[in-house]
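**Q** Got a structure here, written out as structure tokens. Questions coming.
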Amino acid sequence: MTKRMALKVDLRQFLDEKGNVLVLTEQANKVFKFLTKIVLLVSQEAVSQASFPPTIEQAIIEVDLKCNTRADALSCRGKIEASRNLFGTISMIEWHCDTCKAAGTISHWQGSLWDKQKHTIH
């Protein structure tokens, strides 16, 4: 049985200090597009499920992505499921494939171009 490691990503790794996307290799760009689509869809779902006070966990949603979109060499045809969870003051997106053991987390996505939540300035 093959055990796969989770892909733990800080979205800032792909951005410069102004929030612009860095020049990426072809493979890194594919992974980046995969991750930002997850952020976009999960944050849009968070807006539609908004509650006050905010809940710690968002329901798991099916993201319109196939597992094999992460890289050309992947053969898995599974679908990606994701949710937003609060860990203290950090909001993380957790995702996984419904077929293989591919999984990961995305941190520091809030306030990025792909975050569609409404933000309140205090």
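Simple scheme: letters A, B, ... for chains in structure tokens order, numbers from 1 for residues in each chain, numbers from 1 for ligands in the order shown.
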For Thr99 (chain A), list every protein, DNA or RNA residue within 10 Å, evaluated using only C-alpha atoms, and leave out those in the same chain fewer than 3 positions away; present the list as a VMD selection string.
**A** chain A and resid 67 76 to 80 96 102
**Q** Would you pick out the contacts of His108 (chain A) at 12 Å or less, using only C-alpha atoms, so that residues sharing its chain but fewer than 3 positions from it are not included, and give the list as a list of chain:residue names?
**A**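 In the requested format, the answer is A:Lys8, A:Val9, A:Asp10, A:Leu11, A:Arg12, A:Gln13, A:Phe14, A:Leu15, A:Gly19, A:Thr36, A:Val39, A:Arg84, A:Leu86, A:Thr89, A:Ile90, A:Ser91, A:Met92, A:Ile93, A:Thr105, A:Gly111, A:Ser112, A:Leu113, A:Trp114, A:Asp115.
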**Q** Using only C-alpha atoms, which residues sit within 8 Å of Ala82 (chain A) once same-chain residues fewer than 3 positions away are excluded, as a ChimeraX atom specification?
**A** /A:38,42,60-63,93-96
**Q** Quick one: of A:Ser75, A:Asn68, A:Ser83, A:Asn29, who's nearest to Glu45 (chain A), counting only C-alpha atoms?
**A**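 Closest residue, counting only C-alpha atoms: A:Ser83.
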**Q** Could you pull out the helix (DSSP H, G or I) residues of chain A, going by DSSP on the backbone, and write them as an MDAnalysis selection string?
**A** chainID A and resid 11:14 26:48 67:70
**Q** Any chance you could export the current selection's C-alpha atoms as a short mmCIF file (atom, residue, chain, number, x, y, z; two decimals), in the first residue's frame?
**A**
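Saved to out-v4.cif:
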data_model
loop_
_atom_site.label_atom_id
_atom_site.label_comp_id
_atom_site.auth_asym_id
_atom_site.auth_seq_id
_atom_site.Cartn_x
_atom_site.Cartn_y
_atom_site.Cartn_z
CA LEU A 11 -0.32 30.44 -0.84
CA ARG A 12 2.19 33.26 -0.25
CA GLN A 13 4.92 30.92 -1.57
CA PHE A 14 3.60 31.62 -5.08
CA GLU A 26 5.18 24.76 -15.91
CA GLN A 27 4.53 22.16 -13.18
CA ALA A 28 4.44 24.75 -10.38
CA ASN A 29 1.99 26.81 -12.44
CA LYS A 30 -0.27 23.75 -12.85
CA VAL A 31 -0.27 23.14 -9.09
CA PHE A 32 -0.85 26.85 -8.44
CA LYS A 33 -3.89 26.94 -10.76
CA PHE A 34 -5.22 23.79 -9.08
CA LEU A 35 -4.86 25.35 -5.61
CA THR A 36 -6.28 28.76 -6.54
CA LYS A 37 -9.35 27.14 -8.10
CA ILE A 38 -9.94 25.36 -4.79
CA VAL A 39 -9.55 28.67 -2.91
CA LEU A 40 -11.93 30.44 -5.29
CA LEU A 41 -14.66 27.81 -5.03
CA VAL A 42 -14.35 27.24 -1.27
CA SER A 43 -14.40 30.98 -0.52
CA GLN A 44 -17.43 31.47 -2.80
CA GLU A 45 -19.18 28.66 -0.93
CA ALA A 46 -18.22 30.28 2.39
CA VAL A 47 -20.02 33.47 1.24
CA SER A 48 -23.18 31.53 0.35
CA CYS A 67 -7.46 14.90 -9.15
CA ASN A 68 -5.30 14.45 -12.25
CA THR A 69 -5.30 18.21 -13.02
CA ARG A 70 -2.44 18.58 -10.50
#
**Q** Measuring atom to atom with only C-alpha atoms, identify which of A:Gln117, A:Thr25, A:Asn85, A:Ser107 is nearest to Leu7 (chain A).
**A**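 Using only C-alpha atoms, Leu7 (chain A) sits closest to A:Ser107.
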**Q** Using the chain letters and numbers from this document, which residues of chain A does DSSP assign to strand (DSSP E), as a PyMOL selection string?
**A** chain A and resi 7-10+61-66+79-87+90-97+103-107
